[in-house]
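K.L.:
Following this line is protein09.cif, made up of mmCIF, C-alpha atoms:
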```cif
data_my_file
#
loop_
_atom_site.label_atom_id
_atom_site.label_comp_id
_atom_site.auth_asym_id
_atom_site.auth_seq_id
_atom_site.Cartn_x
_atom_site.Cartn_y
_atom_site.Cartn_z
CA MET T 1225 80.86 -22.40 4.83
CA SER T 1226 80.22 -21.01 1.38
CA GLN T 1227 77.74 -22.65 -0.97
CA LEU T 1228 78.68 -21.50 -4.44
CA LYS T 1229 76.13 -20.01 -6.81
CA LYS T 1230 78.30 -20.40 -9.91
CA VAL T 1231 78.36 -24.14 -10.42
CA VAL T 1232 79.20 -25.81 -13.72
CA GLU T 1233 77.83 -29.09 -15.04
CA PRO T 1234 77.96 -31.87 -14.03
CA PHE T 1235 78.10 -30.55 -10.45
CA GLY T 1236 74.89 -30.08 -8.53
CA GLU T 1237 76.24 -28.34 -5.47
CA VAL T 1238 79.69 -27.18 -4.37
CA ASN T 1239 80.43 -26.14 -0.78
CA VAL T 1240 83.76 -24.70 0.38
CA HIS T 1241 84.75 -24.83 4.06
CA PRO T 1242 87.78 -23.34 5.85
CA ALA T 1243 90.32 -25.99 6.85
CA PRO T 1244 93.56 -25.90 8.88
CA GLY T 1245 96.99 -25.76 7.29
CA GLY T 1246 96.26 -23.15 4.66
CA LYS T 1247 93.66 -25.29 2.92
CA VAL T 1248 89.93 -25.38 2.18
CA ARG T 1249 87.71 -28.45 2.33
CA VAL T 1250 85.52 -28.95 -0.72
CA VAL T 1251 82.31 -30.98 -0.69
CA ALA T 1252 80.73 -31.38 -4.11
CA THR T 1253 77.96 -33.51 -5.60
CA ILE T 1254 77.40 -34.73 -9.14
CA LEU T 1255 73.91 -34.19 -10.56
CA MET T 1256 71.90 -37.40 -10.71
CA GLU T 1257 68.37 -38.57 -10.07
CA PRO T 1258 67.89 -40.58 -6.88
CA HIS T 1259 66.28 -44.00 -7.19
CA LYS T 1260 64.50 -44.76 -3.94
CA GLU T 1261 62.16 -47.72 -3.67
CA GLY T 1262 58.66 -46.67 -2.60
CA ALA T 1263 59.39 -42.91 -2.79
CA GLN T 1264 56.55 -40.45 -2.24
CA THR T 1265 56.70 -36.90 -3.57
CA GLY T 1266 54.85 -33.64 -3.04
CA ILE T 1267 54.85 -30.02 -4.12
CA ALA T 1268 53.45 -27.18 -2.02
CA LEU T 1269 52.70 -23.75 -3.48
CA ASP T 1270 52.75 -20.61 -1.33
CA GLY T 1271 49.18 -19.27 -1.11
CA SER T 1272 49.86 -16.14 0.93
CA GLY T 1273 48.58 -12.77 -0.24
CA SER T 1274 52.00 -11.59 -1.38
CA MET T 1275 51.87 -14.25 -4.10
CA ALA T 1276 48.85 -12.69 -5.84
CA LYS T 1277 50.81 -10.94 -8.58
CA LEU T 1278 52.88 -14.05 -9.29
CA TYR T 1279 49.65 -15.98 -9.82
CA GLY T 1280 48.55 -13.29 -12.28
CA VAL T 1281 45.93 -11.80 -9.94
CA GLY T 1282 45.40 -8.06 -9.92
CA GLU T 1283 44.83 -5.18 -12.26
CA ALA T 1284 46.36 -5.32 -15.71
CA GLU T 1285 49.44 -3.18 -16.02
CA GLY T 1286 49.68 0.03 -17.99
CA GLY T 1287 46.82 2.09 -16.61
CA PHE T 1288 43.94 3.85 -18.42
CA LEU T 1289 45.94 5.29 -21.33
CA ALA T 1290 47.58 1.97 -22.13
CA SER T 1291 44.17 0.33 -22.10
CA LEU T 1292 42.69 3.06 -24.26
CA PHE T 1293 45.33 2.56 -26.96
CA GLY T 1294 45.22 -1.23 -26.80
CA LYS T 1295 48.57 -1.69 -25.10
CA LYS T 1296 47.38 -2.89 -21.72
CA GLN T 1297 48.95 -6.23 -20.79
CA GLN T 1298 47.24 -8.83 -18.64
CA PRO T 1299 49.10 -10.03 -15.54
CA HIS T 1300 51.27 -13.09 -16.08
CA ASN T 1301 51.06 -16.30 -14.01
CA GLU T 1302 54.70 -17.03 -13.08
CA VAL T 1303 53.87 -19.93 -10.77
CA THR T 1304 52.34 -22.30 -13.32
CA PRO T 1305 55.43 -22.98 -15.47
CA VAL T 1306 57.61 -23.66 -12.42
CA ALA T 1307 54.99 -25.88 -10.77
CA GLN T 1308 54.26 -27.76 -14.01
CA LYS T 1309 57.92 -28.60 -14.54
CA VAL T 1310 58.67 -29.62 -10.95
CA CYS T 1311 55.43 -31.57 -10.43
CA SER T 1312 55.59 -33.49 -13.71
CA TYR T 1313 59.27 -34.28 -13.16
CA LEU T 1314 58.67 -35.69 -9.68
CA ALA T 1315 55.67 -37.72 -10.86
CA ARG T 1316 57.44 -39.14 -13.90
CA LYS T 1317 60.92 -39.73 -12.48
CA ILE T 1318 60.72 -40.21 -8.71
CA ASP T 1319 57.29 -41.05 -7.29
CA ALA T 1320 56.64 -44.76 -6.76
CA ASP T 1321 52.97 -44.34 -7.67
CA GLY T 1322 53.58 -42.07 -10.66
CA GLY T 1323 51.66 -39.17 -9.10
CA THR T 1324 52.79 -36.15 -7.08
CA THR T 1325 50.65 -34.72 -4.28
CA CYS T 1326 49.99 -31.00 -4.76
CA ILE T 1327 48.80 -28.50 -2.15
CA TYR T 1328 48.66 -24.78 -1.45
CA TRP T 1329 50.13 -23.70 1.88
CA ALA T 1330 50.00 -20.43 3.84
CA VAL T 1331 46.31 -19.98 3.02
CA GLY T 1332 43.49 -18.68 5.23
CA PRO T 1333 43.76 -16.82 8.57
CA SER T 1334 47.39 -16.16 9.54
CA GLY T 1335 48.45 -18.30 6.58
CA SER T 1336 48.13 -21.39 8.75
CA ARG T 1337 45.96 -23.62 6.57
CA ILE T 1338 46.39 -26.09 3.71
CA GLU T 1339 44.34 -26.31 0.52
CA GLU T 1340 44.59 -29.57 -1.40
CA ILE T 1341 44.94 -29.57 -5.18
CA GLY T 1342 45.19 -33.34 -5.61
CA ASP T 1343 47.53 -36.05 -6.84
CA LEU T 1344 48.67 -35.30 -10.37
CA ARG T 1345 50.34 -37.65 -12.82
CA ALA T 1346 53.04 -36.23 -15.07
CA ASP T 1347 50.80 -35.58 -18.09
CA GLU T 1348 48.13 -34.02 -15.87
CA ALA T 1349 50.68 -31.75 -14.20
CA GLU T 1350 51.97 -30.56 -17.57
CA ARG T 1351 48.46 -29.38 -18.50
CA HIS T 1352 47.35 -28.10 -15.09
CA ILE T 1353 46.99 -24.35 -14.56
CA PHE T 1354 48.24 -23.64 -11.05
CA GLY T 1355 46.11 -20.60 -10.42
CA PRO T 1356 45.61 -18.85 -7.09
CA PRO T 1357 44.20 -20.63 -4.02
CA GLN T 1358 40.59 -20.07 -3.01
CA ASP T 1359 41.59 -18.08 0.07
CA PHE T 1360 44.89 -16.16 0.07
CA GLY T 1361 46.59 -16.32 3.46
CA THR T 1362 47.29 -13.33 5.69
CA GLY T 1363 50.64 -14.79 6.77
CA THR T 1364 53.24 -17.32 5.64
CA GLN T 1365 53.46 -20.35 7.93
CA LEU T 1366 55.44 -23.31 6.65
CA VAL T 1367 55.09 -25.78 9.53
CA PRO T 1368 51.53 -26.88 8.59
CA ALA T 1369 52.68 -27.78 5.07
CA VAL T 1370 55.69 -29.74 6.31
CA LYS T 1371 53.50 -31.60 8.81
CA TYR T 1372 50.96 -32.38 6.08
CA PHE T 1373 53.48 -34.39 4.07
CA VAL T 1374 55.26 -35.88 7.09
CA GLU T 1375 52.01 -37.20 8.56
CA ARG T 1376 50.27 -38.21 5.32
CA PHE T 1377 53.23 -40.28 4.14
CA LYS T 1378 54.56 -41.41 7.52
CA ASP T 1379 54.91 -45.01 6.32
CA ALA T 1380 56.67 -44.20 3.02
CA PRO T 1381 60.23 -45.59 2.79
CA TRP T 1382 61.42 -42.20 1.54
CA GLY T 1383 59.80 -38.79 1.00
CA PHE T 1384 60.82 -35.84 -1.17
CA TYR T 1385 58.84 -32.60 -0.89
CA VAL T 1386 59.26 -29.25 -2.63
CA PHE T 1387 57.94 -25.93 -1.24
CA ILE T 1388 57.64 -22.93 -3.56
CA THR T 1389 57.54 -19.45 -2.02
CA ASP T 1390 58.06 -15.81 -2.93
CA GLY T 1391 59.10 -14.21 0.32
CA GLU T 1392 59.60 -14.41 4.05
CA LEU T 1393 58.51 -17.15 6.44
CA HIS T 1394 56.66 -15.95 9.53
CA ASP T 1395 57.31 -19.11 11.55
CA LEU T 1396 60.98 -19.76 10.85
CA GLU T 1397 61.86 -20.62 14.45
CA ALA T 1398 58.98 -23.10 14.63
CA VAL T 1399 60.13 -24.67 11.34
CA LYS T 1400 63.65 -25.04 12.73
CA ALA T 1401 62.42 -26.59 15.97
CA TYR T 1402 60.12 -29.05 14.17
CA SER T 1403 62.87 -29.93 11.67
CA THR T 1404 65.38 -30.53 14.46
CA GLN T 1405 63.08 -33.01 16.19
CA LEU T 1406 62.29 -34.66 12.85
CA ALA T 1407 65.98 -35.07 12.06
CA ARG T 1408 66.58 -36.64 15.47
CA ASP T 1409 63.71 -39.08 14.90
CA ILE T 1410 65.19 -40.06 11.52
CA ALA T 1411 68.67 -40.46 13.00
CA ALA T 1412 67.22 -42.69 15.74
CA ARG T 1413 65.33 -44.71 13.07
CA ARG T 1414 62.00 -43.80 14.61
CA ARG T 1415 60.84 -42.67 11.18
CA ASN T 1416 61.94 -43.04 7.55
CA PRO T 1417 64.18 -40.57 5.66
CA LEU T 1418 62.86 -37.32 4.15
CA LYS T 1419 64.20 -34.45 2.11
CA PHE T 1420 62.73 -30.93 1.78
CA VAL T 1421 63.62 -28.31 -0.83
CA LEU T 1422 62.57 -24.65 -0.77
CA ILE T 1423 62.39 -22.99 -4.20
CA GLY T 1424 62.23 -19.20 -4.26
CA VAL T 1425 60.32 -17.39 -7.01
CA GLY T 1426 59.95 -13.67 -7.72
CA PRO T 1427 62.06 -10.69 -6.66
CA SER T 1428 61.36 -10.63 -2.89
CA VAL T 1429 62.64 -14.00 -1.71
CA ASN T 1430 64.35 -13.95 1.68
CA GLU T 1431 67.31 -16.14 0.76
CA GLY T 1432 68.84 -15.53 4.18
CA GLN T 1433 66.03 -17.52 5.77
CA MET T 1434 66.41 -20.26 3.18
CA GLU T 1435 70.11 -20.51 3.99
CA GLU T 1436 69.31 -20.75 7.71
CA LEU T 1437 67.20 -23.83 7.04
CA ASP T 1438 69.71 -25.23 4.56
CA ASP T 1439 72.49 -24.93 7.16
CA LEU T 1440 70.36 -25.98 10.15
CA ASP T 1441 72.41 -27.80 12.78
CA THR T 1442 70.15 -30.50 14.22
CA GLY T 1443 72.87 -32.21 16.22
CA THR T 1444 72.68 -35.16 13.81
CA SER T 1445 74.11 -36.12 10.43
CA ILE T 1446 70.65 -35.71 8.85
CA ASP T 1447 70.48 -32.85 6.33
CA LEU T 1448 66.75 -32.21 5.89
CA TRP T 1449 66.67 -28.95 3.92
CA ASP T 1450 68.07 -27.61 0.69
CA HIS T 1451 67.16 -24.41 -1.15
CA LYS T 1452 67.21 -23.13 -4.73
CA LEU T 1453 66.20 -19.96 -6.56
CA ALA T 1454 64.04 -20.69 -9.61
CA SER T 1455 65.78 -17.93 -11.59
CA GLU T 1456 69.20 -19.59 -11.05
CA MET T 1457 68.30 -23.23 -11.68
CA ARG T 1458 69.94 -24.67 -14.81
CA VAL T 1459 68.19 -28.06 -14.83
CA LEU T 1460 65.54 -29.69 -12.67
CA GLN T 1461 67.99 -32.29 -11.39
CA GLU T 1462 69.43 -29.50 -9.24
CA ILE T 1463 66.68 -30.08 -6.69
CA PHE T 1464 68.42 -33.38 -5.94
CA ALA T 1465 71.86 -31.79 -5.45
CA GLU T 1466 71.99 -32.93 -1.83
CA VAL T 1467 70.34 -36.30 -2.39
CA VAL T 1468 73.20 -38.52 -3.46
CA ASP T 1469 74.15 -42.08 -2.67
CA LYS T 1470 77.69 -41.84 -1.30
CA ASN T 1471 78.28 -45.49 -2.17
CA ALA T 1472 77.00 -45.43 -5.75
CA ARG T 1473 79.88 -45.51 -8.23
CA ILE T 1474 79.40 -43.27 -11.29
CA ALA T 1475 82.80 -43.85 -12.93
CA ASP T 1476 85.50 -46.51 -12.63
CA ASN T 1477 88.19 -43.91 -12.11
CA GLY T 1478 88.90 -40.19 -12.11
CA ARG T 1479 91.04 -37.52 -10.49
CA ILE T 1480 90.78 -34.14 -8.81
CA LEU T 1481 93.56 -31.78 -9.95
CA ASP T 1482 94.74 -28.39 -8.74
CA PRO T 1483 95.23 -25.48 -11.23
CA HIS T 1484 98.81 -26.66 -11.86
CA GLY T 1485 97.65 -30.13 -12.89
CA ARG T 1486 98.83 -31.82 -9.70
CA THR T 1487 96.71 -34.69 -8.41
CA ILE T 1488 94.75 -33.82 -5.27
CA LYS T 1489 92.71 -37.03 -5.13
CA ASP T 1490 92.82 -40.17 -7.24
CA TYR T 1491 89.77 -42.45 -7.54
CA SER T 1492 91.46 -45.20 -9.58
CA ASP T 1493 91.32 -47.75 -6.76
CA MET T 1494 87.80 -47.25 -5.47
CA GLY T 1495 85.94 -45.65 -8.36
CA MET T 1496 84.23 -42.26 -8.26
CA SER T 1497 80.92 -41.64 -6.51
CA ALA T 1498 78.49 -38.74 -6.87
CA PHE T 1499 79.72 -37.36 -3.54
CA LEU T 1500 83.20 -35.82 -3.65
CA GLU T 1501 85.15 -34.54 -0.65
CA PHE T 1502 88.76 -33.32 -0.72
CA GLU T 1503 91.07 -30.48 0.36
CA MET T 1504 92.57 -27.78 -1.87
CA PRO T 1505 95.19 -25.08 -1.21
CA SER T 1506 93.39 -21.94 0.01
CA ASP T 1507 94.98 -19.84 -2.74
CA ALA T 1508 93.71 -22.09 -5.57
CA GLU T 1509 91.08 -20.42 -7.75
CA TYR T 1510 89.55 -23.66 -8.99
CA PHE T 1511 89.80 -27.43 -9.08
CA THR T 1512 89.58 -29.77 -12.04
CA LEU T 1513 87.54 -32.96 -12.31
CA GLU T 1514 89.25 -35.31 -14.77
CA VAL T 1515 87.03 -38.22 -15.81
CA ASN T 1516 86.62 -40.24 -19.01
CA GLY T 1517 88.99 -37.99 -20.92
CA ASN T 1518 87.12 -34.81 -19.90
CA LYS T 1519 88.48 -32.00 -17.75
CA ILE T 1520 85.84 -29.90 -15.97
CA HIS T 1521 87.06 -26.80 -14.12
CA GLN T 1522 85.03 -25.57 -11.12
CA GLY T 1523 85.73 -22.31 -9.31
CA LEU T 1524 86.26 -22.27 -5.56
CA SER T 1525 84.53 -18.89 -5.26
CA ASP T 1526 81.90 -17.10 -7.31
CA ARG T 1527 84.56 -14.56 -8.38
CA ALA T 1528 87.08 -17.13 -9.62
CA GLN T 1529 88.45 -16.96 -13.16
CA VAL T 1530 87.95 -20.45 -14.54
CA PRO T 1531 89.10 -21.83 -17.91
CA PRO T 1532 86.54 -23.49 -20.20
CA PRO T 1533 86.09 -27.27 -19.99
CA GLN T 1534 88.23 -29.61 -22.06
CA LEU T 1535 85.88 -32.26 -23.43
CA ALA T 1536 86.82 -35.54 -25.02
CA THR T 1537 86.03 -35.73 -28.74
#
```
Please, can you express the file's structure as structure tokens?

P.N.:
Amino acid sequence: MSQLKKVVEPFGEVNVHPAPGGKVRVVATILMEPHKEGAQTGIALDGSGSMAKLYGVGEAEGGFLASLFGKKQQPHNEVTPVAQKVCSYLARKIDADGGTTCIYWAVGPSGSRIEEIGDLRADEAERHIFGPPQDFGTGTQLVPAVKYFVERFKDAPWGFYVFITDGELHDLEAVKAYSTQLARDIAARRRNPLKFVLIGVGPSVNEGQMEELDDLDTGTSIDLWDHKLASEMRVLQEIFAEVVDKNARIADNGRILDPHGRTIKDYSDMGMSAFLEFEMPSDAEYFTLEVNGNKIHQGLSDRAQVPPPQLAT
């Protein structure tokens, strides 16, 4: 499977899978905000020692000479703007109570502890300075943070939780094992649905690990994890790229076309949902979504040459 990085609006995520007969199977989602009754939300910020610089902790850059001549720059907090945007968005748009629960994770010995920030409403989150935790962790363990939200909101009809990190998880196998059991419990209706999103910040993110979680095979149809890189996100709705209602109709009709304008799939009878699945010839560079007089062209690889959209006037 290939999850494309170059995705055009209005798509949230586009995945391309090999298929028999000289074709590829395309699974794409349209960006939209989920509306889940009783939803609870949370955001967890990596508090491990490697995050110090991203929180603006450390010596100012430039050294003695730069300081002497007044050119020394203070470290910049790169976490706060990301956390403010994500937290306020979740509180304002998704959370049933209008407040998002915020914590630091990977703090303390071995990075195994949690430090609570509190429940922030949207306006509070927009003003909050997400500075460093009280006790930077000496490791990066994700399981305690996942368990915190799972257990705190065990009775919520739906949960959506975002984890921000800069680097490598030290308990990846434990995360996968816990997630697998969690997915099986959800599939068996022993607990309510959840969705987790990892957002990578900074230059040292281990995206390979993120992809392992994103593609985790739990033996069920439950897809618990998604991942994004903060530097590549176009709009905040992208964190919901995998949270779509397959039955919700977003347009009365529409078509998927190949590069020659031939119809691959026609939605005139059933209407178009935010979840699209179809097959394309393996040699096609892109597909076209035709809806409401607009033609949106989406590449089938990150190297594809794609024409600009044709928008209705």

K.L.:
Provide the CA of Ala1412 (chain T) to CA of Val1374 (chain T) distance in Å, to one decimal place.

P.N.:
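CA of Ala1412 (chain T) sits 16.3 Å away from CA of Val1374 (chain T).
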
K.L.:
Evaluate the PyMOL selection byres ((chain T and resi 1524-1537) around 10) and record the selected residues as number ranges by chain, following the chain and residue labels used in the document.

P.N.:
T: 1226-1233, 1238-1240, 1248, 1250, 1483, 1504, 1506-1523

K.L.:
Can you pull out the residues contacting Ser1492 (chain T)? Cut-off 7 Å, using all atoms listed in the file, and skip same-chain residues under 6 positions away; I want them as a list of chain:residue names.

P.N.:
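These residues fall inside the cut-off: T:Asp1476, T:Asn1477, T:Gly1478.
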
K.L.:
Using the selection just defined, write its residues with C-alpha atoms as a PDB file, in the frame of the given file.

P.N.:
```pdb
ATOM      1  CA  ASP T1476      85.500 -46.510 -12.630  1.00  0.00           C
ATOM      2  CA  ASN T1477      88.190 -43.910 -12.110  1.00  0.00           C
ATOM      3  CA  GLY T1478      88.900 -40.190 -12.110  1.00  0.00           C
TER       4      GLY T1478
END
```

K.L.:
Got a sec to resolve the PyMOL selection byres ((chain T and resi 1420-1428) around 7) on this structure and send the residues as a PyMOL selection string?

P.N.:
chain T and resi 1384-1391+1418-1419+1429-1430+1448-1454+1463

K.L.:
Rounded to one decimal in Å, what is the spacing between CA of Asn1301 (chain T) and CA of Asp1270 (chain T)?

P.N.:
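Computing it gives 13.5 Å between the two atoms.
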
K.L.:
For each of T:Glu1375, T:Glu1350, T:Asp1447, T:Asp1490, take the minimum atom-to-atom distance to Ala1411 (chain T), counting all atoms listed in the file, then give the residue where this is smallest.

P.N.:
T:Asp1447

K.L.:
Rank T:Tyr1402, T:Phe1464, T:Phe1373, T:Phe1502 by their smallest atom-to-atom distance to Gln1264 (chain T), using all atoms listed in the file, and report the top residue only.

P.N.:
T:Phe1373

K.L.:
What is the CA of Pro1381 (chain T)-CA of Asn1416 (chain T) distance in Å, reported with one decimal?

P.N.:
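Between CA of Pro1381 (chain T) and CA of Asn1416 (chain T) the gap works out to 5.7 Å.
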
K.L.:
Determine the residue set returned by the PyMOL selection byres ((chain T and resi 1460) around 8) for the present structure, and present it as a list in words.

P.N.:
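Selected by the PyMOL selection byres ((chain T and resi 1460) around 8) here: Lys1309, Val1310, Tyr1313, Met1457, Arg1458, Val1459, Gln1461, Glu1462 and Ile1463 of chain T.
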
K.L.:
Hey, which of T:Gly1361, T:Pro1505, T:Asp1441, T:Glu1348 ends up closest to Gly1245 (chain T)? Count all atoms listed in the file.

P.N.:
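Among the listed residues, T:Pro1505 lies closest to Gly1245 (chain T).
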
K.L.:
Would you list the contacts of Ala1498 (chain T) as a list in words, taking every protein, DNA or RNA residue within 10 Å and counting only C-alpha atoms, but skipping same-chain residues closer than 6 positions in sequence?

P.N.:
Pro1234, Phe1235, Gly1236, Ala1252, Thr1253, Ile1254, Leu1255, Met1256, Ala1465, Val1467, Val1468, Asp1469, Lys1470, Asn1471, Ala1472, Arg1473, Ile1474 and Ala1475 of chain T

K.L.:
Selection from above, C-alpha atoms, as a PDB file, keeping the file's coordinate frame, can you write it?

P.N.:
```pdb
ATOM      1  CA  PRO T1234      77.960 -31.870 -14.030  1.00  0.00           C
ATOM      2  CA  PHE T1235      78.100 -30.550 -10.450  1.00  0.00           C
ATOM      3  CA  GLY T1236      74.890 -30.080  -8.530  1.00  0.00           C
ATOM      4  CA  ALA T1252      80.730 -31.380  -4.110  1.00  0.00           C
ATOM      5  CA  THR T1253      77.960 -33.510  -5.600  1.00  0.00           C
ATOM      6  CA  ILE T1254      77.400 -34.730  -9.140  1.00  0.00           C
ATOM      7  CA  LEU T1255      73.910 -34.190 -10.560  1.00  0.00           C
ATOM      8  CA  MET T1256      71.900 -37.400 -10.710  1.00  0.00           C
ATOM      9  CA  ALA T1465      71.860 -31.790  -5.450  1.00  0.00           C
ATOM     10  CA  VAL T1467      70.340 -36.300  -2.390  1.00  0.00           C
ATOM     11  CA  VAL T1468      73.200 -38.520  -3.460  1.00  0.00           C
ATOM     12  CA  ASP T1469      74.150 -42.080  -2.670  1.00  0.00           C
ATOM     13  CA  LYS T1470      77.690 -41.840  -1.300  1.00  0.00           C
ATOM     14  CA  ASN T1471      78.280 -45.490  -2.170  1.00  0.00           C
ATOM     15  CA  ALA T1472      77.000 -45.430  -5.750  1.00  0.00           C
ATOM     16  CA  ARG T1473      79.880 -45.510  -8.230  1.00  0.00           C
ATOM     17  CA  ILE T1474      79.400 -43.270 -11.290  1.00  0.00           C
ATOM     18  CA  ALA T1475      82.800 -43.850 -12.930  1.00  0.00           C
TER      19      ALA T1475
END
```

K.L.:
Hey, what's within 12 Å of Ser1445 (chain T) if we count all atoms listed in the file and toss same-chain stuff fewer than 4 positions away? As number ranges by chain, please?

P.N.:
T: 1404, 1407-1412, 1417, 1439-1441

K.L.:
With only C-alpha atoms as the atoms that count, which of T:Ser1272, T:Asp1319, T:Pro1305, T:Leu1278 lies nearest to Pro1333 (chain T)?

P.N.:
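Answer, going by the shortest atom-to-atom distance: T:Ser1272.
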
K.L.:
Between T:Arg1337, T:Arg1345, T:Lys1371, T:Arg1486, single out the one closest to Asp1359 (chain T), counting only C-alpha atoms.

P.N.:
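Closest to Asp1359 (chain T) of all the choices is T:Arg1337.
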